[in-house]
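With compact mmCIF, C-alpha atoms inside, this is target.txt:
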```txt
# COMPACT_ATOMS: atom_id res chain seq x y z
CA MET P 68 11.76 -86.29 -29.42
CA GLU P 69 9.77 -83.06 -29.36
CA GLN P 70 8.88 -81.59 -32.74
CA ASN P 71 11.14 -78.52 -32.37
CA GLU P 72 13.91 -80.24 -30.46
CA ARG P 73 17.18 -80.52 -32.38
CA PRO P 74 18.80 -83.97 -32.25
CA VAL P 75 22.15 -84.23 -30.49
CA LEU P 76 24.57 -85.43 -33.16
CA PRO P 77 27.40 -87.83 -32.32
CA ALA P 78 30.97 -86.59 -32.29
CA ARG P 79 33.43 -87.83 -34.91
CA LYS P 80 36.50 -89.46 -33.38
CA GLY P 81 39.58 -87.37 -34.09
CA ARG P 82 37.56 -84.42 -35.42
CA GLY P 83 36.47 -81.21 -33.75
CA ALA P 84 33.24 -80.22 -35.49
CA VAL P 85 30.17 -82.38 -35.00
CA THR P 86 28.47 -81.45 -38.29
CA ASN P 87 29.31 -80.37 -41.81
CA SER P 88 26.51 -77.89 -42.39
CA GLU P 89 26.98 -75.35 -45.16
CA SER P 90 27.09 -71.64 -44.44
CA HIS P 91 23.92 -69.59 -44.90
CA ARG P 92 25.77 -66.28 -45.22
CA PHE P 93 26.23 -66.61 -48.97
CA ASN P 94 22.87 -68.25 -49.80
CA LEU P 95 24.48 -71.64 -50.14
CA PRO P 96 22.31 -74.74 -49.72
CA SER P 97 22.48 -76.30 -46.29
CA ARG P 98 23.30 -79.94 -45.76
CA GLU P 99 22.94 -81.58 -42.38
CA ALA P 100 22.63 -85.22 -41.34
CA ASP P 101 19.04 -86.08 -40.47
CA GLY P 102 18.54 -87.22 -36.87
CA ASP P 103 16.15 -90.10 -37.69
CA TRP P 104 18.52 -91.40 -40.36
CA LEU P 105 21.39 -91.32 -37.88
CA ASP P 106 19.31 -93.32 -35.41
CA ASP P 107 18.52 -95.94 -38.06
CA ARG P 108 22.15 -96.19 -39.11
CA GLU P 109 23.25 -96.68 -35.52
CA ALA P 110 20.64 -99.40 -35.01
CA LEU P 111 21.96 -101.22 -38.08
CA GLY P 112 25.51 -100.92 -36.84
CA ASP P 113 26.52 -98.84 -39.85
CA ALA P 114 29.36 -96.59 -38.69
CA PRO P 115 29.90 -93.23 -40.45
CA THR P 116 32.43 -93.19 -43.26
CA LYS P 117 35.91 -92.33 -42.02
CA LEU P 118 36.85 -88.81 -42.97
CA ARG P 119 40.17 -88.43 -44.74
CA THR P 120 42.18 -85.26 -45.22
CA GLN P 121 42.25 -83.90 -48.76
CA VAL P 122 44.71 -81.21 -49.88
CA THR P 123 44.17 -78.96 -52.91
CA THR P 124 47.03 -76.96 -54.37
CA GLU P 125 46.24 -73.26 -54.53
CA VAL P 126 48.21 -70.87 -56.73
CA PRO P 127 47.53 -67.33 -55.47
CA LYS P 128 48.84 -64.21 -57.18
CA SER P 129 49.83 -62.54 -53.91
CA ILE P 130 50.85 -63.86 -50.51
CA LEU P 131 50.88 -60.93 -48.09
CA SER P 132 47.63 -59.86 -46.42
CA PHE P 133 47.45 -56.39 -44.90
CA ASN P 134 45.21 -55.14 -42.11
CA LYS P 135 44.52 -51.95 -40.17
CA SER P 136 43.22 -53.56 -36.99
CA PRO P 137 44.09 -51.74 -33.74
CA ASP P 138 43.79 -55.04 -31.85
CA ILE P 139 46.91 -56.72 -33.19
CA PRO P 140 50.57 -55.63 -33.22
CA PHE P 141 51.22 -56.27 -36.92
CA ASP P 142 49.85 -54.96 -40.19
CA ARG P 143 50.77 -57.85 -42.52
CA SER P 144 50.61 -61.62 -42.43
CA ILE P 145 51.12 -64.80 -44.44
CA ASN P 146 48.96 -67.90 -44.32
CA ALA P 147 50.52 -70.84 -46.10
CA TYR P 148 47.41 -72.98 -45.74
CA ARG P 149 43.62 -72.62 -45.76
CA GLY P 150 41.74 -74.86 -43.38
CA CYS P 151 43.47 -76.67 -40.54
CA GLU P 152 43.69 -80.34 -39.71
CA HIS P 153 44.11 -79.61 -36.01
CA GLY P 154 40.30 -79.37 -35.95
CA CYS P 155 40.04 -76.94 -33.02
CA VAL P 156 36.30 -76.53 -32.57
CA TYR P 157 36.63 -72.89 -31.46
CA CYS P 158 38.79 -71.74 -34.40
CA TYR P 159 37.72 -68.27 -35.53
CA ALA P 160 39.11 -69.01 -39.02
CA ARG P 161 36.45 -71.62 -39.75
CA PRO P 162 34.06 -69.16 -41.46
CA THR P 163 36.64 -68.49 -44.20
CA HIS P 164 35.87 -71.89 -45.71
CA ALA P 165 32.42 -70.61 -46.66
CA TYR P 166 34.15 -68.43 -49.28
CA HIS P 167 35.06 -71.67 -51.08
CA ASP P 168 31.50 -73.03 -50.96
CA LEU P 169 32.71 -75.42 -48.26
CA SER P 170 31.46 -76.03 -44.75
CA PRO P 171 33.14 -74.28 -41.81
CA GLY P 172 32.47 -77.56 -40.01
CA LEU P 173 34.16 -80.82 -40.98
CA ASP P 174 35.19 -79.49 -44.41
CA PHE P 175 37.40 -76.90 -42.68
CA GLU P 176 39.47 -79.61 -41.01
CA THR P 177 39.44 -82.18 -43.83
CA LYS P 178 39.47 -80.21 -47.11
CA LEU P 179 42.62 -78.15 -46.96
CA PHE P 180 44.41 -75.82 -49.37
CA ALA P 181 48.19 -75.44 -49.65
CA LYS P 182 50.14 -72.64 -51.35
CA PRO P 183 53.42 -74.17 -52.54
CA ASN P 184 54.47 -70.99 -54.36
CA ALA P 185 54.26 -68.88 -51.19
CA ALA P 186 58.02 -68.37 -50.81
CA ILE P 187 58.40 -67.39 -54.47
CA LEU P 188 55.61 -64.82 -54.16
CA LEU P 189 57.13 -63.51 -50.95
CA ARG P 190 60.51 -63.03 -52.56
CA GLU P 191 58.90 -61.13 -55.45
CA THR P 192 56.99 -58.93 -53.00
CA LEU P 193 60.05 -58.10 -50.91
CA ALA P 194 62.01 -57.28 -54.07
CA LYS P 195 59.64 -54.48 -55.09
CA PRO P 196 61.32 -51.06 -54.79
CA LYS P 197 58.39 -49.58 -52.86
CA TYR P 198 58.24 -52.37 -50.26
CA ARG P 199 59.10 -51.26 -46.73
CA PRO P 200 59.87 -53.91 -44.08
CA ALA P 201 57.74 -54.44 -40.98
CA PRO P 202 57.17 -57.65 -38.97
CA ILE P 203 55.25 -60.30 -40.89
CA ALA P 204 53.01 -62.57 -38.80
CA ILE P 205 52.72 -66.26 -39.70
CA GLY P 206 49.92 -68.40 -38.30
CA THR P 207 47.33 -65.73 -37.60
CA ASN P 208 44.57 -67.59 -39.43
CA THR P 209 45.48 -71.26 -39.69
CA ASP P 210 48.42 -73.06 -38.12
CA PRO P 211 51.67 -72.96 -40.14
CA TYR P 212 52.78 -76.21 -38.47
CA GLN P 213 49.66 -78.30 -38.95
CA PRO P 214 50.40 -81.90 -40.05
CA ILE P 215 50.58 -81.21 -43.80
CA GLU P 216 53.58 -78.89 -43.24
CA LYS P 217 55.67 -82.07 -42.91
CA ARG P 218 54.86 -82.82 -46.55
CA TYR P 219 54.82 -79.35 -48.10
CA ARG P 220 57.42 -77.44 -46.02
CA ILE P 221 55.91 -74.13 -47.09
CA THR P 222 56.51 -72.49 -43.72
CA ARG P 223 60.12 -73.59 -43.81
CA ALA P 224 60.61 -72.08 -47.26
CA ILE P 225 59.09 -68.80 -46.07
CA LEU P 226 61.44 -68.67 -43.07
CA GLU P 227 64.41 -69.29 -45.34
CA VAL P 228 63.44 -66.24 -47.37
CA MET P 229 63.09 -64.24 -44.14
CA LEU P 230 66.60 -65.21 -43.07
CA GLU P 231 68.08 -64.50 -46.50
CA THR P 232 66.51 -61.04 -46.60
CA ARG P 233 66.95 -60.29 -42.86
CA HIS P 234 63.22 -59.65 -42.57
CA PRO P 235 61.40 -59.71 -39.18
CA VAL P 236 58.83 -62.46 -38.67
CA GLY P 237 56.59 -63.59 -35.81
CA ILE P 238 55.10 -67.09 -35.56
CA THR P 239 51.94 -68.28 -33.81
CA THR P 240 51.35 -72.01 -33.49
CA LYS P 241 49.94 -74.71 -31.24
CA SER P 242 52.32 -77.34 -32.59
CA ASP P 243 55.65 -78.61 -31.30
CA LYS P 244 56.64 -79.13 -34.95
CA VAL P 245 57.93 -75.57 -34.87
CA ILE P 246 61.15 -77.03 -33.47
CA ASP P 247 61.75 -78.66 -36.86
CA ASP P 248 62.85 -75.19 -37.99
CA SER P 249 64.89 -74.47 -34.87
CA GLU P 250 68.11 -73.85 -36.79
CA THR P 251 66.56 -71.16 -39.00
CA LEU P 252 64.65 -69.62 -36.12
CA ALA P 253 67.79 -69.49 -33.97
CA ALA P 254 69.65 -67.68 -36.75
CA LEU P 255 66.78 -65.18 -37.06
CA ALA P 256 66.62 -64.73 -33.29
CA GLU P 257 70.34 -64.02 -33.08
CA LEU P 258 69.69 -61.05 -35.37
CA GLY P 259 66.65 -59.90 -33.39
CA LEU P 260 64.30 -60.89 -36.21
CA THR P 261 61.86 -63.39 -34.70
CA ALA P 262 59.71 -64.44 -31.75
CA VAL P 263 57.40 -67.43 -31.36
CA ALA P 264 54.00 -67.55 -29.65
CA ILE P 265 52.81 -71.01 -28.64
CA SER P 266 49.14 -71.46 -27.74
CA VAL P 267 48.27 -73.60 -24.73
CA THR P 268 44.53 -73.89 -24.11
CA THR P 269 44.47 -76.58 -21.43
CA LEU P 270 46.81 -78.90 -19.54
CA GLU P 271 44.21 -81.67 -19.30
CA SER P 272 44.79 -84.30 -21.98
CA ARG P 273 41.12 -85.32 -22.29
CA THR P 274 39.94 -81.73 -22.71
CA ALA P 275 42.69 -81.13 -25.28
CA ARG P 276 41.61 -84.17 -27.32
CA LEU P 277 38.04 -82.90 -27.42
CA LEU P 278 38.88 -79.26 -28.13
CA GLU P 279 41.86 -79.70 -30.45
CA PRO P 280 41.70 -83.34 -31.61
CA ARG P 281 44.65 -83.34 -34.01
CA ALA P 282 46.88 -80.75 -32.38
CA PRO P 283 49.95 -81.91 -30.43
CA SER P 284 49.39 -82.49 -26.72
CA PRO P 285 49.88 -79.64 -24.24
CA ILE P 286 53.01 -81.25 -22.81
CA LYS P 287 54.58 -81.40 -26.28
CA ARG P 288 53.86 -77.70 -26.78
CA LEU P 289 55.43 -76.84 -23.44
CA SER P 290 58.44 -78.98 -24.33
CA ALA P 291 58.73 -76.93 -27.52
CA VAL P 292 58.83 -73.78 -25.38
CA SER P 293 61.80 -75.23 -23.47
CA HIS P 294 63.53 -76.31 -26.68
CA LEU P 295 63.22 -72.89 -28.31
CA ARG P 296 64.30 -71.00 -25.19
CA ALA P 297 67.39 -73.20 -24.93
CA LEU P 298 68.35 -71.74 -28.32
CA ASP P 299 67.68 -68.17 -27.12
CA ILE P 300 64.60 -67.84 -29.29
CA PRO P 301 62.04 -65.48 -27.66
CA VAL P 302 58.88 -67.40 -26.72
CA HIS P 303 55.47 -66.20 -25.59
CA VAL P 304 52.66 -68.47 -24.33
CA ASN P 305 49.16 -67.50 -25.34
CA ILE P 306 46.33 -69.03 -23.30
CA ALA P 307 43.89 -68.83 -26.15
CA PRO P 308 41.09 -69.21 -26.11
CA VAL P 309 39.94 -69.28 -22.51
CA ILE P 310 36.58 -71.10 -22.41
CA PRO P 311 34.44 -70.30 -19.36
CA ALA P 312 33.44 -73.31 -17.25
CA ILE P 313 35.60 -75.56 -19.45
CA THR P 314 39.21 -74.31 -19.21
CA ASP P 315 39.15 -71.07 -17.20
CA HIS P 316 40.00 -72.91 -13.95
CA GLU P 317 43.41 -73.74 -15.45
CA ILE P 318 44.68 -70.18 -15.98
CA GLU P 319 47.04 -70.15 -12.98
CA ALA P 320 48.32 -73.67 -13.69
CA ILE P 321 49.08 -72.84 -17.34
CA VAL P 322 50.91 -69.65 -16.36
CA GLU P 323 53.01 -71.63 -13.88
CA ALA P 324 53.77 -74.32 -16.48
CA ALA P 325 54.71 -71.66 -19.04
CA ALA P 326 57.14 -70.10 -16.58
CA ASP P 327 58.61 -73.48 -15.61
CA HIS P 328 59.33 -74.20 -19.28
CA GLY P 329 61.07 -70.87 -19.89
CA ALA P 330 58.42 -68.67 -21.51
CA GLN P 331 59.13 -64.97 -21.16
CA SER P 332 55.57 -63.69 -21.28
CA VAL P 333 51.96 -64.84 -21.25
CA SER P 334 48.54 -63.52 -22.29
CA ILE P 335 44.93 -64.68 -22.69
CA ILE P 336 42.13 -64.26 -25.21
CA PRO P 337 38.54 -65.17 -24.24
CA VAL P 338 36.83 -67.51 -26.71
CA ARG P 339 35.42 -65.83 -29.84
CA LEU P 340 32.47 -67.29 -31.78
CA PRO P 341 32.13 -65.41 -35.08
CA HIS P 342 29.54 -66.40 -37.70
CA GLU P 343 29.30 -70.19 -38.11
CA VAL P 344 31.63 -70.91 -35.18
CA ALA P 345 28.84 -70.22 -32.65
CA PRO P 346 26.46 -73.02 -33.76
CA LEU P 347 29.39 -75.41 -34.26
CA PHE P 348 30.60 -74.68 -30.74
CA GLU P 349 27.11 -75.15 -29.28
CA GLN P 350 26.79 -78.51 -31.05
CA TRP P 351 30.17 -79.49 -29.63
CA LEU P 352 28.97 -78.58 -26.13
CA GLU P 353 25.83 -80.68 -26.64
CA ALA P 354 27.97 -83.66 -27.66
CA HIS P 355 30.64 -83.41 -24.97
CA PHE P 356 29.43 -81.17 -22.11
CA PRO P 357 25.62 -81.13 -22.27
CA ASP P 358 25.35 -80.44 -18.54
CA ARG P 359 27.45 -77.28 -18.87
CA LYS P 360 26.20 -75.87 -22.16
CA GLN P 361 23.80 -73.31 -20.68
CA LYS P 362 26.37 -72.10 -18.17
CA VAL P 363 29.13 -71.80 -20.76
CA MET P 364 27.00 -69.86 -23.24
CA SER P 365 25.64 -67.62 -20.46
CA ILE P 366 29.12 -66.59 -19.37
CA ILE P 367 30.20 -66.05 -22.98
CA ALA P 368 27.21 -63.74 -23.44
CA SER P 369 28.30 -61.79 -20.35
CA LEU P 370 31.74 -61.38 -21.94
CA ARG P 371 30.25 -60.29 -25.28
CA SER P 372 27.65 -57.67 -24.34
CA GLY P 373 24.83 -60.20 -24.22
CA LYS P 374 25.68 -61.78 -27.58
CA LYS P 375 27.50 -64.90 -28.69
CA ASN P 376 30.18 -62.82 -30.37
CA ASP P 377 31.51 -59.27 -30.31
CA PRO P 378 33.19 -58.22 -33.58
CA ASP P 379 34.09 -54.68 -32.44
CA PHE P 380 37.66 -53.43 -32.37
CA HIS P 381 39.27 -53.07 -28.91
CA SER P 382 36.76 -55.38 -27.17
CA ARG P 383 36.70 -58.45 -29.44
CA MET P 384 40.10 -59.74 -28.25
CA LYS P 385 39.60 -58.89 -24.57
CA GLY P 386 35.91 -59.23 -23.79
CA GLN P 387 33.91 -56.86 -21.62
CA GLY P 388 32.31 -56.77 -18.18
CA PRO P 389 33.14 -58.32 -14.79
CA TRP P 390 33.97 -61.76 -16.18
CA ALA P 391 36.51 -60.33 -18.64
CA GLU P 392 38.06 -58.16 -15.94
CA LEU P 393 38.36 -61.16 -13.64
CA LEU P 394 40.05 -63.32 -16.28
CA HIS P 395 42.64 -60.67 -17.12
CA HIS P 396 43.19 -59.85 -13.44
CA ARG P 397 43.87 -63.51 -12.67
CA VAL P 398 46.44 -63.89 -15.44
CA ASP P 399 48.16 -60.64 -14.41
CA ILE P 400 48.50 -61.83 -10.80
CA ALA P 401 49.76 -65.25 -11.88
CA ALA P 402 52.23 -63.74 -14.35
CA ARG P 403 53.69 -61.41 -11.70
CA LYS P 404 53.96 -64.30 -9.26
CA HIS P 405 56.05 -66.30 -11.72
CA GLY P 406 58.08 -63.41 -13.12
CA LEU P 407 56.44 -63.28 -16.52
CA GLY P 408 55.69 -60.09 -18.41
CA LYS P 409 53.56 -59.12 -21.39
CA ALA P 410 54.78 -59.74 -24.92
CA LYS P 411 57.12 -56.94 -25.96
CA PHE P 412 59.30 -58.38 -28.68
CA ALA P 413 60.67 -55.48 -30.73
CA LEU P 414 61.85 -57.05 -33.98
CA ARG P 415 64.46 -55.23 -36.04
CA THR P 416 63.74 -53.84 -39.49
CA ASP P 417 67.05 -52.07 -40.14
CA LEU P 418 68.82 -55.22 -41.37
CA PHE P 419 66.52 -55.78 -44.33
CA ARG P 420 68.22 -56.74 -47.60
CA ARG P 421 66.05 -56.56 -50.68
CA PRO P 422 66.23 -59.88 -52.57
CA VAL P 423 67.21 -60.26 -56.17
CA VAL P 424 64.55 -62.07 -58.15
CA LYS P 425 65.85 -64.44 -60.80
CA GLY P 426 65.30 -62.99 -64.25
CA SER P 427 65.12 -59.38 -63.07
CA GLN P 428 67.40 -56.63 -64.37
CA MET P 429 69.01 -56.35 -60.93
CA GLU P 430 70.88 -59.58 -61.73
CA LEU P 431 73.00 -57.54 -64.15
CA PHE P 432 74.55 -55.50 -61.33
```
For this file, produce the structure as structure tokens.
Amino acid sequence: MEQNERPVLPARKGRGAVTNSESHRFNLPSREADGDWLDDREALGDAPTKLRTQVTTEVPKSILSFNKSPDIPFDRSINAYRGCEHGCVYCYARPTHAYHDLSPGLDFETKLFAKPNAAILLRETLAKPKYRPAPIAIGTNTDPYQPIEKRYRITRAILEVMLETRHPVGITTKSDKVIDDSETLAALAELGLTAVAISVTTLESRTARLLEPRAPSPIKRLSAVSHLRALDIPVHVNIAPVIPAITDHEIEAIVEAAADHGAQSVSIIPVRLPHEVAPLFEQWLEAHFPDRKQKVMSIIASLRSGKKNDPDFHSRMKGQGPWAELLHHRVDIAARKHGLGKAKFALRTDLFRRPVVKGSQMELF
């Protein structure tokens, strides 16, 4: 091995990130497995310790996050969990784990945080006299239906508050577990209060296992689209992210599959590599697609003004240049061919009923 050549680290079965390096953005110490030590361990037949998911209970004082971004159609969101066991290597939320002195790598997908009091905080927020309803987005950072939702049911509790208060809510997920809350979602949809966006990155099972190792398979997600549409719940399919030279050849096939399963609209987002995601993604390419790494990163740079990432409003979600134009043109043509439109789900706000918080003076009336 050349002196300045970085060793190619082995992938962890069932995990997305290859390493667990600490972030350098906050002057935290870096930890990374040494290449020579890995070689010695492999020679001795000493397999790496199996990573197990750990969940820490978090008790925040507020649950709604507000934004002023012109790139997204909502100004408030709820994230029931920090970190995500799906382990999607491209996840733009990975850098948030650095705020906890944890690695955006393997820590992000194994050391999770749950907020069991989310529904209580939401009820208190909606009960405030100055609160004005507008659609709340769920799943904008980490998936609300990742595996630990089966244990904690935080997303379900939030949706129950939404139904009780007649508050509009949009859901983004890459899990078929969203159908576990079909009854509540159908009741919200009947009132014009909800829509669901399901992400489908690839139809190829092997690529899905490498990109999103613990997320449900693409066919399960498409089946969830059919299930929700059968209940008249509005469903959008988001091809996100599109990864050049890895998944971009599937755009037309995914649009067709989305239409066949009843989706009403479809969109794409080119891959984003903010902060620590870029080196994690490059290490993933080295482990799984070494022959394509240079091509993939070159096309990404052409989408991002010569950089690995573009954080600017208006362009960060769409990309720039000929490659970006081609991607969006292709999805537009495919969507028209299959009768799909762009997401235009106008959720109602006029039905909102302010909740009564137990112990408040409003209980006297």
Do you have the CA of Ile336 (chain P)-CA of Ala307 (chain P) distance handy?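 Pair CA of Ile336 (chain P) / CA of Ala307 (chain P) returns 5.0 Å.
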Against region 349-366 of chain P, which residues of region 115-216 of chain P fall within 12 Å? For each one I want the closest pair of atoms and the distance in Å (one decimal), counting all atoms listed in the file, rows by chain and increasing residue number, as CSV.
```
residue,atom,partner,partner_atom,distance
P:Gly154,CA,P:Trp351,CA,11.9
P:Cys155,CA,P:Trp351,CA,10.7
P:Val156,CA,P:Trp351,CA,7.4
P:Tyr157,CA,P:Trp351,CA,9.4
P:Gly172,CA,P:Gln350,CA,10.7
```
- Go through P:Arg415, P:His381, P:His294, P:Arg339 and flag the residue nearest Ala253 (chain P), using all atoms listed in the file for the distances.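 Between P:Arg415, P:His381, P:His294, P:Arg339, the residue approaching Ala253 (chain P) most closely is P:His294.
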Task: All residues 8 Å or closer to Thr232 (chain P), all atoms listed in the file, same chain fewer than 5 positions away omitted, as an NGL selection string - done: :P and (419-422)
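Rounded to one decimal, CA of Asp174 (chain P) and CA of Arg161 (chain P) lie 9.2 Å from each other.
Among P:Arg383, P:Arg233, P:Lys425, P:Lys287, the residue with the shortest atom-to-atom distance to Pro202 (chain P), counting only C-alpha atoms, is P:Arg233.
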